[in-house]
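Participant: There's a structure below that I have some questions on.
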Number of protein chains: 2
Amino acid sequence: MKTPIHPSLLLDEQLCFALYAASRRMTAAYRPLLEAMDLTYPQYLVMLVLWERDGLTVRELGARLQLDSGTLTPLLKRLEQAGLVARRRRQSDEREVEISLTDAGGKLHERAADIPRCLADRLCMSVDAFVRLRDELKSLAAQLAAPSDDE
Amino acid sequence: MKTPIHPSLLLDEQLCFALYAASRRMTAAYRPLLEAMDLTYPQYLVMLVLWERDGLTVRELGARLQLDSGTLTPLLKRLEQAGLVARRRRQSDEREVEISLTDAGGKLHERAADIPRCLADRLCMSVDAFVRLRDELKSLAAQLAAPSDDE
DNA sequence: GAAATTTATATTGTTCACAATTAAATTTGA
DNA sequence: TCAAATTTAATTGTGAACAATATAAATTTC
């Protein structure tokens with residue numbers, strides 16, 4: 001009887017689990033820093049996008065973060081409730097909802113400025129290794145993008 | 001006026017976002033394969049652990065996957081409902097709940113055997129690059145582990 | 001320009017994650 | 001021995017993710 005050679009099903013050999021575990025730990029590492037600003041990690045990502053370019057639509061935010069309205073709509077309502085963003089339909093196209101920073105939302109940018117350094121300190125990683133890992137993850141994500149997604 | 005130099009708050013320069021996006025894409029890549037077995041991705045991880053070593057307690061499963069009972073208890077109840085595992089209190093220590101594979105749960109192992117290869121095919125990555133990335137992610141996760149966690 | 005199609009957002013329902021709390025069993029130590 | 005502390009799961013509540021569907025507005029087609 002011939003035993004077929006299979007790639008391993010051992011947990012510790014899986015790339016997927018290493019990725020899943022690292023991602024959750026990363027989010028956990030941000031949590032105490034973001035808690036001080038009353039933001040969750042996904043909310044922080046939305047704020048990063050808006051600090052970069054204000055007044056995007058839900059669709060544009062979703063394209064940037066790879067999240068759909070099912071995730072973003074309630075999240076944005078919570079940011080609105082917190083007074084950090086405003087949501088309003090565009091007069092030019094009533095289907096679109098434009099998300100814009102409030103004064104409080106804009107000001108939060110300054111308080112966030114130290115977060116990347118805090119995390120970088122935790123990592124004990126050279127800038128070079130940081131950039132290399134980041135870019136490897138980006139190309140992995142691109143490789144995994146659904147064939148229909150773009151190419 | 002002196003402008004302080006801050007590490008970037010630009011989304012595309014963040015390691016955390018690359019990690020978050022790659023992890024979600026990976027889960028999405030598994031989804032259609034696991035759907036055929038009526039498993040979600042976290043359920044699949046639990047099955048990987050049990051196929052490796054059956055009869056672990058909830059605590060031991062949690063230690064392996066870095067998940068707590070708040071996540072595992074309902075997930076394991078769903079696996080039980082699906083007829084893949086059995087849950088029972090240990091007679092030696094009634095606090096512990098032992099999770100064991102049913103026949104159906106054990107048999108599913110064979111159907112899962114091809115999954116890693118399917119994913120590997122998607123990645124277009126050398127074994128070497130695969131192992132290097134996986135181990136980098138492991139050491140990243142270890143680095144991010146709460147100081148109190150272990151060391 | 002009315003009907004069909006497409007697009008943008010919202011809603012509903014399911015399943016994670018995770019913090020905080022509860023409840024019960026076990027262990028510890030005066 | 002027995003009260004206090006610890007350990008293990010379960011429960012409760014909040015906030016993602018994401019599929020599927022709904023709704024409404026804009027665009028295309030004929």
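To be explicit about the labels: the chains of the structure tokens are called A, B, and onward in the order shown, and within each one the residues are counted from 1, while ligands get numbers from 1 in the order they are shown.
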As a ChimeraX atom specification, could you give me every residue of chain A near chain D (at most 10 Å apart, counting only C-alpha atoms (C1' of nucleotides))?
Facilitator: /A:40-43,67-72,74-75,78,93-96
Participant: Any chance you could export the current selection's N, CA, C and O atoms as a compact mmCIF listing (two decimals), in the first residue's frame?
Facilitator:
```
# COMPACT_ATOMS: atom_id res chain seq x y z
N THR A 40 -11.17 51.22 18.94
CA THR A 40 -10.81 49.83 18.72
C THR A 40 -9.79 49.81 17.57
O THR A 40 -9.60 50.82 16.88
N TYR A 41 -9.19 48.67 17.34
CA TYR A 41 -8.18 48.60 16.29
C TYR A 41 -8.76 48.87 14.89
O TYR A 41 -8.19 49.69 14.15
N PRO A 42 -9.88 48.26 14.53
CA PRO A 42 -10.45 48.59 13.20
C PRO A 42 -10.86 50.06 13.10
O PRO A 42 -10.74 50.66 12.03
N GLN A 43 -11.33 50.62 14.18
CA GLN A 43 -11.68 52.04 14.17
C GLN A 43 -10.43 52.89 13.95
O GLN A 43 -10.45 53.89 13.21
N LEU A 67 -12.85 46.20 3.45
CA LEU A 67 -13.99 45.89 4.31
C LEU A 67 -15.26 46.33 3.59
O LEU A 67 -15.24 47.29 2.82
N ASP A 68 -16.35 45.64 3.83
CA ASP A 68 -17.59 46.01 3.15
C ASP A 68 -18.50 46.82 4.08
O ASP A 68 -18.18 47.05 5.24
N SER A 69 -19.62 47.25 3.53
CA SER A 69 -20.50 48.13 4.28
C SER A 69 -21.09 47.41 5.50
O SER A 69 -21.44 48.05 6.48
N GLY A 70 -21.18 46.10 5.42
CA GLY A 70 -21.69 45.34 6.55
C GLY A 70 -20.82 45.49 7.78
O GLY A 70 -21.29 45.43 8.91
N THR A 71 -19.54 45.69 7.55
CA THR A 71 -18.61 45.94 8.66
C THR A 71 -18.51 47.43 8.94
O THR A 71 -18.54 47.87 10.09
N LEU A 72 -18.40 48.22 7.87
CA LEU A 72 -18.11 49.64 8.05
C LEU A 72 -19.29 50.45 8.57
O LEU A 72 -19.11 51.34 9.41
N PRO A 74 -21.83 49.93 10.69
CA PRO A 74 -21.97 50.04 12.16
C PRO A 74 -20.74 50.64 12.83
O PRO A 74 -20.86 51.39 13.80
N LEU A 75 -19.56 50.34 12.29
CA LEU A 75 -18.32 50.90 12.86
C LEU A 75 -18.33 52.42 12.73
O LEU A 75 -18.00 53.15 13.67
N ARG A 78 -20.54 54.10 15.11
CA ARG A 78 -19.96 54.21 16.45
C ARG A 78 -18.97 55.37 16.51
O ARG A 78 -18.91 56.11 17.50
N ASP A 93 -24.51 62.66 -5.55
CA ASP A 93 -24.95 61.27 -5.76
C ASP A 93 -25.45 60.76 -4.42
O ASP A 93 -24.66 60.41 -3.54
N GLU A 94 -26.74 60.71 -4.32
CA GLU A 94 -27.37 60.40 -3.02
C GLU A 94 -27.11 58.97 -2.56
O GLU A 94 -27.45 58.61 -1.44
N ARG A 95 -26.52 58.15 -3.44
CA ARG A 95 -26.21 56.79 -2.98
C ARG A 95 -25.00 56.80 -2.06
O ARG A 95 -24.87 55.97 -1.17
N GLU A 96 -24.11 57.72 -2.28
CA GLU A 96 -22.84 57.74 -1.55
C GLU A 96 -22.96 58.47 -0.22
O GLU A 96 -23.63 59.49 -0.12
```
Participant: Which residues in chain A does DSSP call strand (DSSP E)? List them as a PyMOL selection string.
Facilitator: chain A and resi 56-57+85-89+97-101
Participant: Can you show chain A as a short mmCIF file (atom, residue, chain, number, x, y, z; two decimals) with C-alpha atoms, in the first residue's frame once it has been least-squares superposed onto chain B, using every C-alpha atom paired in order?
Facilitator:
```cif
data_model
loop_
_atom_site.label_atom_id
_atom_site.label_comp_id
_atom_site.auth_asym_id
_atom_site.auth_seq_id
_atom_site.Cartn_x
_atom_site.Cartn_y
_atom_site.Cartn_z
CA MET A 1 9.55 75.63 15.45
CA LYS A 2 10.86 72.10 15.49
CA THR A 3 8.88 69.36 13.83
CA PRO A 4 9.24 66.11 15.71
CA ILE A 5 10.03 63.14 13.52
CA HIS A 6 7.36 60.53 13.95
CA PRO A 7 7.19 57.10 12.45
CA SER A 8 4.52 57.21 9.82
CA LEU A 9 0.78 57.02 10.35
CA LEU A 10 0.24 56.20 6.67
CA LEU A 11 -1.85 53.07 6.30
CA ASP A 12 0.32 51.51 3.63
CA GLU A 13 3.44 51.81 5.72
CA GLN A 14 1.98 49.97 8.72
CA LEU A 15 3.14 46.45 9.46
CA CYS A 16 0.01 45.95 11.52
CA PHE A 17 -2.29 46.57 8.56
CA ALA A 18 -0.29 44.34 6.23
CA LEU A 19 -0.63 41.63 8.85
CA TYR A 20 -4.33 42.24 9.43
CA ALA A 21 -5.10 42.28 5.70
CA ALA A 22 -3.01 39.20 4.94
CA SER A 23 -4.58 37.26 7.78
CA ARG A 24 -8.10 38.03 6.62
CA ARG A 25 -7.23 37.11 3.04
CA MET A 26 -5.73 33.85 4.22
CA THR A 27 -8.91 33.00 6.08
CA ALA A 28 -10.90 33.95 2.98
CA ALA A 29 -8.74 31.62 0.90
CA TYR A 30 -9.52 28.72 3.23
CA ARG A 31 -13.25 29.49 3.31
CA PRO A 32 -14.37 27.76 0.11
CA LEU A 33 -12.29 24.66 0.93
CA LEU A 34 -13.62 24.44 4.46
CA GLU A 35 -17.17 25.18 3.41
CA ALA A 36 -17.20 21.81 1.71
CA MET A 37 -16.54 20.26 5.12
CA ASP A 38 -18.96 22.59 6.93
CA LEU A 39 -16.15 24.07 9.00
CA THR A 40 -15.24 27.65 9.70
CA TYR A 41 -11.57 28.55 9.84
CA PRO A 42 -11.32 28.67 13.66
CA GLN A 43 -13.21 25.38 13.82
CA TYR A 44 -10.67 23.94 11.39
CA LEU A 45 -7.84 25.03 13.70
CA VAL A 46 -9.51 23.24 16.61
CA MET A 47 -9.80 20.11 14.47
CA LEU A 48 -6.11 20.35 13.52
CA VAL A 49 -5.21 20.32 17.20
CA LEU A 50 -7.50 17.40 17.98
CA TRP A 51 -6.31 15.34 15.02
CA GLU A 52 -2.84 15.78 16.43
CA ARG A 53 -3.81 14.89 19.95
CA ASP A 54 -7.31 13.85 20.92
CA GLY A 55 -8.90 14.28 24.31
CA LEU A 56 -7.51 17.67 25.28
CA THR A 57 -9.31 19.89 27.73
CA VAL A 58 -10.74 23.27 26.79
CA ARG A 59 -7.82 24.87 28.61
CA GLU A 60 -5.25 22.87 26.67
CA LEU A 61 -6.94 23.67 23.39
CA GLY A 62 -6.95 27.31 24.42
CA ALA A 63 -3.26 27.24 25.25
CA ARG A 64 -2.50 25.78 21.86
CA LEU A 65 -4.62 28.25 19.88
CA GLN A 66 -4.33 31.22 22.23
CA LEU A 67 -8.09 31.40 22.66
CA ASP A 68 -10.11 31.57 25.86
CA SER A 69 -13.25 29.77 26.93
CA GLY A 70 -15.35 32.73 25.85
CA THR A 71 -14.40 31.91 22.28
CA LEU A 72 -13.97 28.16 22.56
CA THR A 73 -17.06 27.15 24.51
CA PRO A 74 -19.58 28.25 21.88
CA LEU A 75 -17.33 27.09 19.04
CA LEU A 76 -16.99 23.63 20.61
CA LYS A 77 -20.72 23.46 21.15
CA ARG A 78 -21.17 24.06 17.44
CA LEU A 79 -18.67 21.29 16.62
CA GLU A 80 -20.56 19.04 19.03
CA GLN A 81 -23.84 19.97 17.36
CA ALA A 82 -22.24 19.09 14.02
CA GLY A 83 -21.35 15.67 15.43
CA LEU A 84 -17.59 16.13 15.14
CA VAL A 85 -16.60 16.22 18.81
CA ALA A 86 -17.91 15.15 22.20
CA ARG A 87 -17.61 17.25 25.35
CA ARG A 88 -17.61 15.72 28.77
CA ARG A 89 -16.44 16.64 32.25
CA ARG A 90 -13.46 14.68 33.49
CA GLN A 91 -14.26 12.38 36.35
CA SER A 92 -10.80 13.01 37.82
CA ASP A 93 -11.43 16.77 37.93
CA GLU A 94 -14.94 17.95 37.35
CA ARG A 95 -13.75 21.43 36.45
CA GLU A 96 -12.19 20.23 33.23
CA VAL A 97 -14.09 19.48 30.06
CA GLU A 98 -12.47 16.98 27.77
CA ILE A 99 -12.98 17.33 24.04
CA SER A 100 -12.76 14.17 22.01
CA LEU A 101 -13.27 13.42 18.35
CA THR A 102 -16.27 11.41 17.28
CA ASP A 103 -15.89 8.88 14.47
CA ALA A 104 -17.12 11.51 12.05
CA GLY A 105 -14.65 14.02 13.47
CA GLY A 106 -11.79 11.58 13.11
CA LYS A 107 -12.77 10.65 9.57
CA LEU A 108 -12.81 14.27 8.49
CA HIS A 109 -9.02 14.21 8.78
CA GLU A 110 -8.77 12.35 5.49
CA ARG A 111 -10.94 14.86 3.68
CA ALA A 112 -8.77 17.66 5.04
CA ALA A 113 -5.55 16.09 3.86
CA ASP A 114 -5.53 17.95 0.56
CA ILE A 115 -6.22 21.39 1.97
CA PRO A 116 -2.62 22.38 2.75
CA ARG A 117 -1.55 21.53 -0.79
CA CYS A 118 -4.43 23.53 -2.26
CA LEU A 119 -3.32 26.56 -0.32
CA ALA A 120 0.35 25.99 -1.06
CA ASP A 121 -0.53 25.98 -4.76
CA ARG A 122 -2.19 29.35 -4.35
CA LEU A 123 0.87 30.83 -2.71
CA CYS A 124 3.42 30.20 -5.45
CA MET A 125 6.11 30.27 -2.83
CA SER A 126 9.20 28.15 -2.36
CA VAL A 127 9.23 25.85 0.66
CA ASP A 128 12.13 27.91 1.89
CA ALA A 129 10.29 31.22 1.69
CA PHE A 130 7.25 29.60 3.25
CA VAL A 131 9.21 28.34 6.25
CA ARG A 132 11.08 31.61 6.65
CA LEU A 133 7.91 33.72 6.62
CA ARG A 134 6.12 31.34 8.97
CA ASP A 135 8.98 31.42 11.44
CA GLU A 136 9.29 35.20 11.23
CA LEU A 137 5.61 35.47 12.09
CA LYS A 138 6.08 33.11 15.00
CA SER A 139 8.90 35.18 16.40
CA LEU A 140 6.90 38.36 15.85
CA ALA A 141 4.04 36.87 17.81
CA ALA A 142 6.41 35.80 20.55
CA GLN A 143 7.89 39.28 20.68
CA LEU A 144 4.43 40.78 21.02
CA ALA A 145 3.34 38.34 23.70
CA ALA A 146 2.43 40.29 26.78
CA PRO A 147 5.46 40.58 29.06
CA SER A 148 3.44 38.82 31.73
CA ASP A 149 2.42 36.06 29.35
CA ASP A 150 5.39 33.83 29.81
CA GLU A 151 8.76 35.43 30.32
#
```
Participant: Using only C-alpha atoms (C1' of nucleotides), tabulate the residues of chain C lying at most 8 Å from any atom of chain B, each with its closest atom pair and that distance in Å to one decimal, by chain and increasing residue number, as a tab-separated table.
Facilitator:
```
residue	atom	partner	partner_atom	distance
C:DC16	C1'	B:Thr71	CA	7.0
C:DA17	C1'	B:Thr71	CA	6.4
C:DC18	C1'	B:Gly70	CA	7.4
C:DA24	C1'	B:Arg95	CA	7.3
C:DA25	C1'	B:Arg95	CA	5.5
C:DT26	C1'	B:Asp93	CA	7.7
```
Participant: Among stretch 72-126 of chain B, which residues does DSSP mark as alpha helix (DSSP H) when it is run on the backbone? Keep the chain and numbering as in the structure and answer as a list in words.
Facilitator: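 Filtering stretch 72-126 of chain B to alpha helix (DSSP H) leaves Leu72, Thr73, Pro74, Leu75, Leu76, Lys77, Arg78, Leu79, Glu80, Gln81, Asp103, Ala104, Gly105, Gly106, Lys107, Leu108, His109, Glu110, Arg111, Ala112, Ile115, Pro116, Arg117, Cys118, Leu119, Ala120, Asp121, Arg122 and Leu123 of chain B.
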